[in-house]
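Content type mmCIF, C-alpha atoms, from the file run.cif:
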data_start
loop_
_atom_site.label_atom_id
_atom_site.label_comp_id
_atom_site.auth_asym_id
_atom_site.auth_seq_id
_atom_site.Cartn_x
_atom_site.Cartn_y
_atom_site.Cartn_z
CA MET A 1 71.82 111.47 113.53
CA ASN A 2 73.67 114.00 115.71
CA ARG A 3 72.61 113.35 119.27
CA ARG A 4 74.99 111.75 121.73
CA GLY A 5 72.47 109.00 122.46
CA SER A 6 72.50 107.67 118.89
CA LEU A 7 73.92 104.23 118.23
CA ALA A 8 76.76 105.06 115.87
CA ILE A 9 79.85 103.59 114.36
CA LEU A 10 82.19 101.55 116.53
CA GLY A 11 79.85 101.48 119.54
CA CYS A 12 80.16 102.24 123.22
CA GLY A 13 77.92 101.59 126.21
CA ALA A 14 76.85 104.14 128.80
CA ALA A 15 78.90 104.32 131.99
CA ALA A 16 77.42 103.01 135.22
CA ALA A 17 78.64 102.18 138.70
CA LEU A 18 82.22 102.88 139.71
CA GLY A 19 84.36 99.78 139.90
CA ALA A 20 88.02 98.82 140.13
CA CYS A 21 89.68 95.86 138.49
CA SER A 22 91.96 93.47 140.32
CA LEU A 23 93.53 91.87 137.29
CA LYS A 24 97.25 91.17 137.52
CA PRO A 25 99.54 89.45 135.01
CA GLY A 26 98.74 85.76 135.13
CA GLU A 27 95.72 86.18 137.40
CA GLN A 28 92.74 84.15 136.26
CA GLN A 29 89.52 86.01 135.50
CA GLY A 30 86.38 84.30 134.32
CA GLY A 31 88.26 81.07 133.70
CA GLN A 32 89.97 82.52 130.64
CA ALA A 33 93.36 83.81 131.78
CA SER A 34 96.22 81.39 131.45
CA GLN A 35 99.82 80.99 132.47
CA GLY A 36 102.02 80.47 129.44
CA HIS A 37 100.66 79.76 126.00
CA PRO A 38 97.30 77.98 125.65
CA ALA A 39 97.10 74.99 123.35
CA ASP A 40 94.36 76.73 121.36
CA ALA A 41 95.93 79.41 119.19
CA ASP A 42 92.60 80.81 118.00
CA THR A 43 90.24 81.25 120.97
CA PRO A 44 90.58 84.73 122.51
CA SER A 45 92.34 84.49 125.86
CA GLN A 46 94.31 86.52 128.32
CA VAL A 47 97.84 85.18 128.48
CA SER A 48 100.44 86.22 131.02
CA THR A 49 103.51 87.42 129.11
CA GLY A 50 105.67 88.15 132.13
CA GLN A 51 107.00 91.15 130.23
CA SER A 52 107.55 94.73 131.29
CA TYR A 53 106.42 97.37 128.78
CA PRO A 54 108.18 100.74 129.05
CA LEU A 55 105.21 102.67 127.64
CA ALA A 56 101.58 101.79 126.95
CA TRP A 57 98.95 103.71 125.04
CA VAL A 58 95.45 103.28 126.48
CA LEU A 59 92.52 104.22 124.24
CA SER A 60 89.20 104.88 125.95
CA SER A 61 85.63 104.07 125.04
CA GLY A 62 83.48 106.82 123.56
CA GLY A 63 81.21 105.57 120.77
CA PRO A 64 81.28 107.98 117.82
CA ARG A 65 83.55 110.21 119.88
CA GLY A 66 86.14 107.53 119.21
CA PHE A 67 86.93 109.09 115.83
CA VAL A 68 89.15 111.40 117.87
CA HIS A 69 91.49 108.47 118.51
CA VAL A 70 92.34 108.41 114.81
CA GLY A 71 93.41 112.05 114.91
CA VAL A 72 95.50 111.49 118.02
CA LEU A 73 97.25 108.50 116.47
CA LYS A 74 97.87 110.52 113.32
CA ALA A 75 99.66 113.18 115.38
CA LEU A 76 101.61 110.64 117.44
CA HIS A 77 102.78 108.99 114.23
CA GLU A 78 103.82 112.34 112.78
CA LEU A 79 105.84 113.01 115.93
CA GLY A 80 107.64 109.70 115.44
CA LEU A 81 106.28 108.16 118.66
CA GLN A 82 105.49 104.50 119.21
CA PRO A 83 104.15 102.43 122.12
CA ASP A 84 105.36 99.14 123.54
CA LEU A 85 101.81 98.05 124.39
CA VAL A 86 98.32 99.18 123.32
CA LEU A 87 95.12 98.62 125.31
CA GLY A 88 91.65 99.63 124.24
CA SER A 89 88.17 99.64 125.72
CA SER A 90 85.14 99.59 123.40
CA VAL A 91 85.79 101.84 120.39
CA GLY A 92 89.33 102.24 121.73
CA ALA A 93 89.78 98.50 121.28
CA LEU A 94 88.79 98.76 117.64
CA VAL A 95 91.03 101.71 116.80
CA GLY A 96 93.84 100.31 118.92
CA ALA A 97 93.63 96.91 117.24
CA LEU A 98 93.87 98.44 113.76
CA TYR A 99 96.94 100.40 114.82
CA ALA A 100 98.62 97.51 116.64
CA ALA A 101 97.97 95.21 113.68
CA GLY A 102 100.10 97.53 111.56
CA MET A 103 97.49 99.42 109.54
CA PRO A 104 99.09 102.64 108.25
CA VAL A 105 97.61 105.67 109.98
CA ALA A 106 96.68 107.23 106.63
CA ASP A 107 94.69 104.10 105.75
CA MET A 108 93.06 104.19 109.18
CA GLU A 109 91.92 107.75 108.59
CA THR A 110 90.49 106.82 105.20
CA LEU A 111 88.63 103.91 106.75
CA ALA A 112 87.27 106.12 109.54
CA LEU A 113 85.96 108.63 107.01
CA GLU A 114 84.45 106.12 104.62
CA ALA A 115 83.27 103.20 106.77
CA SER A 116 79.57 102.42 106.60
CA VAL A 117 77.73 102.18 109.91
CA SER A 118 75.37 99.52 108.60
CA GLY A 119 78.27 97.34 107.51
CA LEU A 120 79.30 96.76 111.11
CA PHE A 121 76.10 95.03 112.21
CA ARG A 122 74.90 91.46 111.72
CA LEU A 123 71.66 89.68 112.50
CA ASN A 124 72.16 87.44 115.53
CA LEU A 125 70.00 84.32 115.64
CA ARG A 126 71.53 82.68 118.71
CA GLY A 127 71.82 83.76 122.33
CA GLN A 128 71.15 87.25 123.68
CA GLY A 129 70.22 90.13 121.39
CA TRP A 130 69.13 90.28 117.78
CA ILE A 131 71.99 92.38 116.48
CA SER A 132 75.74 91.85 116.80
CA VAL A 133 78.76 93.83 115.66
CA GLY A 134 80.14 90.95 113.65
CA GLY A 135 81.26 93.47 111.04
CA VAL A 136 83.79 94.76 113.56
CA ALA A 137 85.35 91.30 113.73
CA ASP A 138 85.57 91.16 109.94
CA MET A 139 87.13 94.64 109.78
CA VAL A 140 89.82 93.81 112.33
CA ASN A 141 90.70 90.42 110.87
CA ASP A 142 90.91 91.90 107.38
CA ALA A 143 93.22 94.65 108.63
CA ALA A 144 95.35 92.11 110.49
CA GLY A 145 95.60 89.81 107.48
CA GLY A 146 94.18 87.01 109.61
CA ARG A 147 96.98 87.23 112.18
CA ARG A 148 96.13 86.32 115.73
CA LEU A 149 96.63 88.79 118.56
CA GLN A 150 99.83 87.10 119.70
CA HIS A 151 101.36 87.85 116.29
CA PHE A 152 100.55 91.56 116.13
CA PRO A 153 103.58 93.79 115.44
CA THR A 154 102.73 95.80 118.56
CA PRO A 155 101.52 93.95 121.67
CA PHE A 156 97.82 94.63 122.11
CA ALA A 157 94.94 93.78 124.44
CA ALA A 158 91.22 94.28 123.84
CA VAL A 159 89.49 94.89 127.18
CA ALA A 160 86.09 93.25 127.60
CA LEU A 161 83.78 92.50 130.52
CA ALA A 162 82.78 88.97 131.53
CA GLN A 163 79.02 89.29 131.95
CA GLN A 164 78.46 86.66 134.62
CA SER A 165 81.43 87.43 136.89
CA ASN A 166 81.56 91.18 136.15
CA THR A 167 85.33 91.03 135.76
CA LEU A 168 87.66 92.44 133.13
CA MET A 169 89.43 90.40 130.50
CA ALA A 170 92.44 91.69 128.59
CA PHE A 171 92.35 89.59 125.43
CA ASN A 172 95.90 89.44 124.04
CA TRP A 173 95.81 86.01 122.41
CA GLY A 174 93.72 84.37 119.72
CA ASP A 175 91.21 85.59 117.14
CA ALA A 176 91.68 89.37 117.01
CA GLY A 177 88.33 90.12 115.41
CA LEU A 178 86.34 88.11 117.92
CA ALA A 179 88.18 89.71 120.84
CA VAL A 180 87.50 93.22 119.56
CA GLN A 181 83.89 92.36 118.77
CA ALA A 182 83.48 91.34 122.42
CA ALA A 183 85.03 94.64 123.52
CA CYS A 184 82.56 96.57 121.33
CA SER A 185 79.36 94.70 122.21
CA ILE A 186 77.28 97.34 123.99
CA GLU A 187 75.49 95.93 127.01
CA GLY A 188 71.74 95.88 126.53
CA GLN A 189 71.96 96.87 122.86
CA LEU A 190 74.18 94.36 121.09
CA ALA A 191 74.61 90.62 121.41
CA PRO A 192 77.45 89.60 123.75
CA VAL A 193 80.18 87.37 122.37
CA LEU A 194 80.39 83.81 123.69
CA ILE A 195 83.95 82.62 124.29
CA ARG A 196 84.39 79.22 125.94
CA GLY A 197 80.85 79.43 127.23
CA GLN A 198 81.28 82.87 128.80
CA ALA A 199 79.45 85.96 127.52
CA TYR A 200 81.64 89.04 127.01
CA LEU A 201 80.58 92.65 126.58
CA ASP A 202 81.82 96.20 126.19
CA ALA A 203 83.76 97.07 129.38
CA ASP A 204 82.58 100.69 129.40
CA ARG A 205 80.50 100.49 132.56
CA LEU A 206 83.44 99.17 134.57
CA SER A 207 86.60 100.42 132.85
CA PRO A 208 86.17 102.95 130.03
CA MET A 209 89.87 103.91 130.19
CA PRO A 210 91.81 100.92 131.60
CA VAL A 211 95.01 102.61 132.79
CA ARG A 212 95.27 100.55 135.98
CA LEU A 213 94.85 97.39 133.97
CA ALA A 214 97.70 98.45 131.66
CA LYS A 215 99.91 98.95 134.72
CA ARG A 216 98.98 95.53 136.05
CA LEU A 217 99.85 94.00 132.71
CA GLY A 218 103.38 95.38 133.01
CA ALA A 219 103.24 98.94 131.65
CA GLN A 220 105.77 101.22 133.34
CA ARG A 221 104.35 104.46 131.92
CA VAL A 222 100.97 105.17 130.36
CA LEU A 223 99.68 107.66 127.82
CA ALA A 224 95.88 107.69 128.12
CA ILE A 225 93.61 108.98 125.36
CA ASP A 226 90.25 110.04 126.73
CA ALA A 227 87.46 110.34 124.15
CA SER A 228 84.75 111.18 126.68
CA ALA A 229 82.71 114.37 126.66
CA TYR A 230 83.46 117.52 128.61
CA GLU A 231 80.43 117.40 130.87
CA ASP A 232 80.75 121.09 131.78
CA GLN A 233 80.13 121.91 128.11
CA ALA A 234 76.69 120.29 128.07
CA PRO A 235 74.22 122.80 126.59
CA PRO A 236 70.74 123.48 127.99
CA GLY A 237 68.47 120.54 127.37
CA ALA A 238 71.26 117.97 127.70
CA GLU A 239 70.80 117.32 131.42
CA ALA A 240 70.12 113.60 130.98
CA TYR A 241 73.26 113.19 128.91
CA ARG A 242 75.28 115.21 131.41
CA ALA A 243 74.19 112.93 134.24
CA SER A 244 75.59 109.99 132.29
CA ASP A 245 78.76 111.96 131.58
CA LEU A 246 79.27 112.62 135.29
CA ARG A 247 78.94 108.93 136.09
CA LYS A 248 81.49 108.15 133.42
CA ARG A 249 83.83 110.87 134.69
CA GLN A 250 84.03 109.02 138.01
CA LEU A 251 85.27 105.98 136.14
CA THR A 252 87.74 107.73 133.88
CA GLN A 253 89.12 109.89 136.68
CA ALA A 254 89.76 106.83 138.83
CA ASP A 255 92.14 105.61 136.11
CA ALA A 256 93.42 108.97 134.88
CA VAL A 257 95.25 109.61 138.14
CA PHE A 258 97.46 106.60 137.37
CA ALA A 259 98.37 107.78 133.86
CA ASP A 260 101.58 109.69 133.20
CA LEU A 261 99.83 111.87 130.62
CA VAL A 262 96.20 112.14 129.55
CA LEU A 263 95.10 113.57 126.21
CA HIS A 264 91.46 114.69 126.32
CA PRO A 265 90.69 116.57 123.08
CA ALA A 266 87.65 118.83 122.94
CA PHE A 267 85.54 118.93 119.78
CA GLY A 268 81.98 119.79 120.79
CA TYR A 269 79.38 118.08 122.91
CA TYR A 270 77.00 116.36 120.53
CA THR A 271 78.11 113.58 118.21
CA GLY A 272 77.09 112.07 114.90
CA VAL A 273 78.35 109.97 112.03
CA SER A 274 78.31 112.47 109.17
CA ARG A 275 81.42 113.06 107.10
CA GLU A 276 81.67 116.56 108.52
CA TYR A 277 81.56 115.26 112.10
CA ARG A 278 84.19 112.62 111.43
CA GLU A 279 86.54 115.11 109.76
CA ARG A 280 86.09 117.67 112.54
CA THR A 281 86.65 115.13 115.30
CA ILE A 282 89.74 113.62 113.71
CA ASP A 283 91.17 117.07 113.06
CA ALA A 284 90.59 118.13 116.68
CA GLY A 285 92.43 115.07 117.96
CA TYR A 286 95.30 115.68 115.56
CA ARG A 287 95.78 119.39 116.23
CA GLN A 288 95.33 119.25 119.99
CA THR A 289 97.78 116.35 120.29
CA LEU A 290 100.44 118.27 118.38
CA LEU A 291 100.10 121.07 120.96
CA GLN A 292 101.42 118.56 123.52
CA ALA A 293 104.42 117.60 121.38
CA GLN A 294 107.08 118.49 123.94
CA ALA A 295 105.42 116.63 126.80
CA LEU A 296 104.79 113.65 124.55
CA ARG A 297 108.40 113.49 123.40
CA GLN A 298 109.56 113.63 127.00
CA LEU A 299 107.17 110.84 127.98
CA HIS A 300 108.54 108.71 125.14
CA GLY A 301 112.12 109.47 126.11
CA LEU A 302 112.93 111.50 123.00
CA SER A 303 113.92 114.78 124.68
#
Have the structure of the file written as structure tokens, please.
Amino acid sequence: MNRRGSLAILGCGAAAALGACSLKPGEQQGGQASQGHPADADTPSQVSTGQSYPLAWVLSSGGPRGFVHVGVLKALHELGLQPDLVLGSSVGALVGALYAAGMPVADMETLALEASVSGLFRLNLRGQGWISVGGVADMVNDAAGGRRLQHFPTPFAAVALAQQSNTLMAFNWGDAGLAVQAACSIEGQLAPVLIRGQAYLDADRLSPMPVRLAKRLGAQRVLAIDASAYEDQAPPGAEAYRASDLRKRQLTQADAVFADLVLHPAFGYYTGVSREYRERTIDAGYRQTLLQAQALRQLHGLS
């Protein structure tokens, strides 16, 4: 399986129409945001913290391209850099949650190289879709030791899309696995996640790299990690994929202009889930991030 259209590990939907979010700290979206702490400690929610975060890392969607996030995080860790807030969309939510929960980067790399694709999927017998990514929820909750999002060592939000209202939700409270499963549920391919009667999906078609949302949640500066393809590298015969890439570029560019620094590693156009692909993608993210060491240190206030 080496075509970009394959459904691979960690999941990501195809980009569609350009949209902008209006979410602000404390602003209610889809009936789920709340002021203060909700009485329910387990149900995923967006909670207004009222905090200012000096620096946020925003991890984009990208399906199997999301292995690059692991390499980038490996390099950032080696450089001694840390965020005050992490946001992730789709596969970025999964990788970001593992990091924010405190999983050592070396363990994250091992997991990325050895994880079974089939282990992420579950048969869904209720609601929309026959297949869910319930295995993602299990993976995140295992890594977090059962801790809820509000107890993560690094503040974190999984960005999902409310299906009915077409609005973004930044889940930063409650069951971490369920929140990330919602963020990874590809529209039209995987079962959405029901939370308080609302169906939530992968936010890729609205916000594949939610930099503006990070700013509205209180981030002062943003490092964005873009796992999308370089559409100008599409080879002959990939015109249909390139059209999708161009639509997604509209979305990512709309947020990229608000980031203080964007890392967009290149590692080839087509994707897959083989061991060789995973190793190559992680290595590209690692090496190309280290090339930006000086700029990254400056952004993090270390030089």
Residues matched by the PyMOL selection byres ((chain A and resi 140-156) around 9), written as a ChimeraX atom specification: /A:41-42,44,83-88,93-94,96-103,135-139,157-158,170-181
Test item: residues at most 9 Å from Leu113 (chain A), all atoms listed in the file, excluding those fewer than 6 positions along its chain, as a ChimeraX atom specification: /A:67,274-275,278-279
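Checking A:Glu109, A:Asp245, A:Glu187, A:Asp40 one by one against Ile282 (chain A), counting all atoms listed in the file, you find the shortest gap at A:Glu109.
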Polymer residues at most 10 Å from region 70-76 of chain A, only C-alpha atoms, same-chain spacing of 3 or more positions, as a VMD selection string: chain A and resid 57 66 to 67 79 to 83 92 95 to 96 99 104 to 106 108 to 112 225 263 to 265 278 to 293 296 to 297
For those residues, write C-alpha atoms to a file as an mmCIF file, keeping the file's coordinate frame.
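Full text of part.cif as output:
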data_model
loop_
_atom_site.group_PDB
_atom_site.id
_atom_site.type_symbol
_atom_site.label_atom_id
_atom_site.label_comp_id
_atom_site.auth_asym_id
_atom_site.auth_seq_id
_atom_site.Cartn_x
_atom_site.Cartn_y
_atom_site.Cartn_z
ATOM 1 C CA TRP A 57 98.950 103.710 125.040
ATOM 2 C CA GLY A 66 86.140 107.530 119.210
ATOM 3 C CA PHE A 67 86.930 109.090 115.830
ATOM 4 C CA LEU A 79 105.840 113.010 115.930
ATOM 5 C CA GLY A 80 107.640 109.700 115.440
ATOM 6 C CA LEU A 81 106.280 108.160 118.660
ATOM 7 C CA GLN A 82 105.490 104.500 119.210
ATOM 8 C CA PRO A 83 104.150 102.430 122.120
ATOM 9 C CA GLY A 92 89.330 102.240 121.730
ATOM 10 C CA VAL A 95 91.030 101.710 116.800
ATOM 11 C CA GLY A 96 93.840 100.310 118.920
ATOM 12 C CA TYR A 99 96.940 100.400 114.820
ATOM 13 C CA PRO A 104 99.090 102.640 108.250
ATOM 14 C CA VAL A 105 97.610 105.670 109.980
ATOM 15 C CA ALA A 106 96.680 107.230 106.630
ATOM 16 C CA MET A 108 93.060 104.190 109.180
ATOM 17 C CA GLU A 109 91.920 107.750 108.590
ATOM 18 C CA THR A 110 90.490 106.820 105.200
ATOM 19 C CA LEU A 111 88.630 103.910 106.750
ATOM 20 C CA ALA A 112 87.270 106.120 109.540
ATOM 21 C CA ILE A 225 93.610 108.980 125.360
ATOM 22 C CA LEU A 263 95.100 113.570 126.210
ATOM 23 C CA HIS A 264 91.460 114.690 126.320
ATOM 24 C CA PRO A 265 90.690 116.570 123.080
ATOM 25 C CA ARG A 278 84.190 112.620 111.430
ATOM 26 C CA GLU A 279 86.540 115.110 109.760
ATOM 27 C CA ARG A 280 86.090 117.670 112.540
ATOM 28 C CA THR A 281 86.650 115.130 115.300
ATOM 29 C CA ILE A 282 89.740 113.620 113.710
ATOM 30 C CA ASP A 283 91.170 117.070 113.060
ATOM 31 C CA ALA A 284 90.590 118.130 116.680
ATOM 32 C CA GLY A 285 92.430 115.070 117.960
ATOM 33 C CA TYR A 286 95.300 115.680 115.560
ATOM 34 C CA ARG A 287 95.780 119.390 116.230
ATOM 35 C CA GLN A 288 95.330 119.250 119.990
ATOM 36 C CA THR A 289 97.780 116.350 120.290
ATOM 37 C CA LEU A 290 100.440 118.270 118.380
ATOM 38 C CA LEU A 291 100.100 121.070 120.960
ATOM 39 C CA GLN A 292 101.420 118.560 123.520
ATOM 40 C CA ALA A 293 104.420 117.600 121.380
ATOM 41 C CA LEU A 296 104.790 113.650 124.550
ATOM 42 C CA ARG A 297 108.400 113.490 123.400
#
Counting all atoms listed in the file, the option among A:Ala227, A:Ala219, A:Leu123, A:Ala182 closest to Leu194 (chain A): A:Ala182
Target residues per the PyMOL selection byres ((chain A and resi 222) around 12), formatted as a ChimeraX atom specification: /A:53-59,83-87,209-221,223-225,255-263,296,299-300
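Between CA of Ser185 (chain A) and CA of Leu201 (chain A) lies a distance of 5.0 Å.
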Two-atom distance - CA of Gln294 (chain A), CA of Ala229 (chain A) (Å): 24.9 Å
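Take the candidates A:Val91, A:Ala203, A:Ala115, A:Leu190 and check each one against Pro64 (chain A) using all atoms listed in the file; the shortest distance goes to A:Val91.
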Can region 124-146 of chain A be brought up to N, CA and C atoms and written out as a JSON list (two decimals), in the coordinates of the input?
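Below you can see part_1.json, which holds the result:
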[["chain", "number", "residue", "atom", "x", "y", "z"],
["A", 124, "ASN", "N", 71.74, 88.49, 114.60],
["A", 124, "ASN", "CA", 72.16, 87.44, 115.53],
["A", 124, "ASN", "C", 70.98, 86.53, 115.81],
["A", 125, "LEU", "N", 71.11, 85.26, 115.48],
["A", 125, "LEU", "CA", 70.00, 84.32, 115.64],
["A", 125, "LEU", "C", 70.19, 83.38, 116.82],
["A", 126, "ARG", "N", 71.28, 83.55, 117.57],
["A", 126, "ARG", "CA", 71.53, 82.68, 118.71],
["A", 126, "ARG", "C", 71.90, 83.52, 119.94],
["A", 127, "GLY", "N", 71.43, 83.10, 121.10],
["A", 127, "GLY", "CA", 71.82, 83.76, 122.33],
["A", 127, "GLY", "C", 71.11, 85.09, 122.53],
["A", 128, "GLN", "N", 71.75, 85.98, 123.31],
["A", 128, "GLN", "CA", 71.15, 87.25, 123.68],
["A", 128, "GLN", "C", 71.25, 88.26, 122.54],
["A", 129, "GLY", "N", 70.18, 89.03, 122.34],
["A", 129, "GLY", "CA", 70.22, 90.13, 121.39],
["A", 129, "GLY", "C", 70.04, 89.70, 119.94],
["A", 130, "TRP", "N", 69.40, 90.57, 119.19],
["A", 130, "TRP", "CA", 69.13, 90.28, 117.78],
["A", 130, "TRP", "C", 70.21, 90.81, 116.84],
["A", 131, "ILE", "N", 70.99, 91.74, 117.33],
["A", 131, "ILE", "CA", 71.99, 92.38, 116.48],
["A", 131, "ILE", "C", 73.37, 92.24, 117.13],
["A", 132, "SER", "N", 74.36, 91.90, 116.33],
["A", 132, "SER", "CA", 75.74, 91.85, 116.80],
["A", 132, "SER", "C", 76.59, 92.80, 115.97],
["A", 133, "VAL", "N", 77.81, 93.03, 116.45],
["A", 133, "VAL", "CA", 78.76, 93.83, 115.66],
["A", 133, "VAL", "C", 79.79, 92.90, 115.02],
["A", 134, "GLY", "N", 79.27, 91.88, 114.35],
["A", 134, "GLY", "CA", 80.14, 90.95, 113.65],
["A", 134, "GLY", "C", 80.97, 91.61, 112.57],
["A", 135, "GLY", "N", 80.48, 92.74, 112.04],
["A", 135, "GLY", "CA", 81.26, 93.47, 111.04],
["A", 135, "GLY", "C", 82.54, 94.03, 111.61],
["A", 136, "VAL", "N", 82.56, 94.30, 112.90],
["A", 136, "VAL", "CA", 83.79, 94.76, 113.56],
["A", 136, "VAL", "C", 84.84, 93.66, 113.50],
["A", 137, "ALA", "N", 84.42, 92.43, 113.78],
["A", 137, "ALA", "CA", 85.35, 91.30, 113.73],
["A", 137, "ALA", "C", 85.94, 91.16, 112.32],
["A", 138, "ASP", "N", 85.09, 91.27, 111.31],
["A", 138, "ASP", "CA", 85.57, 91.16, 109.94],
["A", 138, "ASP", "C", 86.57, 92.28, 109.62],
["A", 139, "MET", "N", 86.26, 93.50, 110.06],
["A", 139, "MET", "CA", 87.13, 94.64, 109.78],
["A", 139, "MET", "C", 88.52, 94.44, 110.39],
["A", 140, "VAL", "N", 88.55, 93.99, 111.64],
["A", 140, "VAL", "CA", 89.82, 93.81, 112.33],
["A", 140, "VAL", "C", 90.62, 92.67, 111.71],
["A", 141, "ASN", "N", 89.97, 91.55, 111.44],
["A", 141, "ASN", "CA", 90.70, 90.42, 110.87],
["A", 141, "ASN", "C", 91.20, 90.71, 109.46],
["A", 142, "ASP", "N", 90.44, 91.48, 108.71],
["A", 142, "ASP", "CA", 90.91, 91.90, 107.38],
["A", 142, "ASP", "C", 92.14, 92.78, 107.51],
["A", 143, "ALA", "N", 92.09, 93.74, 108.44],
["A", 143, "ALA", "CA", 93.22, 94.65, 108.63],
["A", 143, "ALA", "C", 94.46, 93.91, 109.12],
["A", 144, "ALA", "N", 94.24, 92.87, 109.93],
["A", 144, "ALA", "CA", 95.35, 92.11, 110.49],
["A", 144, "ALA", "C", 95.84, 91.02, 109.55],
["A", 145, "GLY", "N", 95.20, 90.88, 108.40],
["A", 145, "GLY", "CA", 95.60, 89.81, 107.48],
["A", 145, "GLY", "C", 95.41, 88.43, 108.08],
["A", 146, "GLY", "N", 94.45, 88.30, 108.98],
["A", 146, "GLY", "CA", 94.18, 87.01, 109.61],
["A", 146, "GLY", "C", 95.11, 86.66, 110.74]]
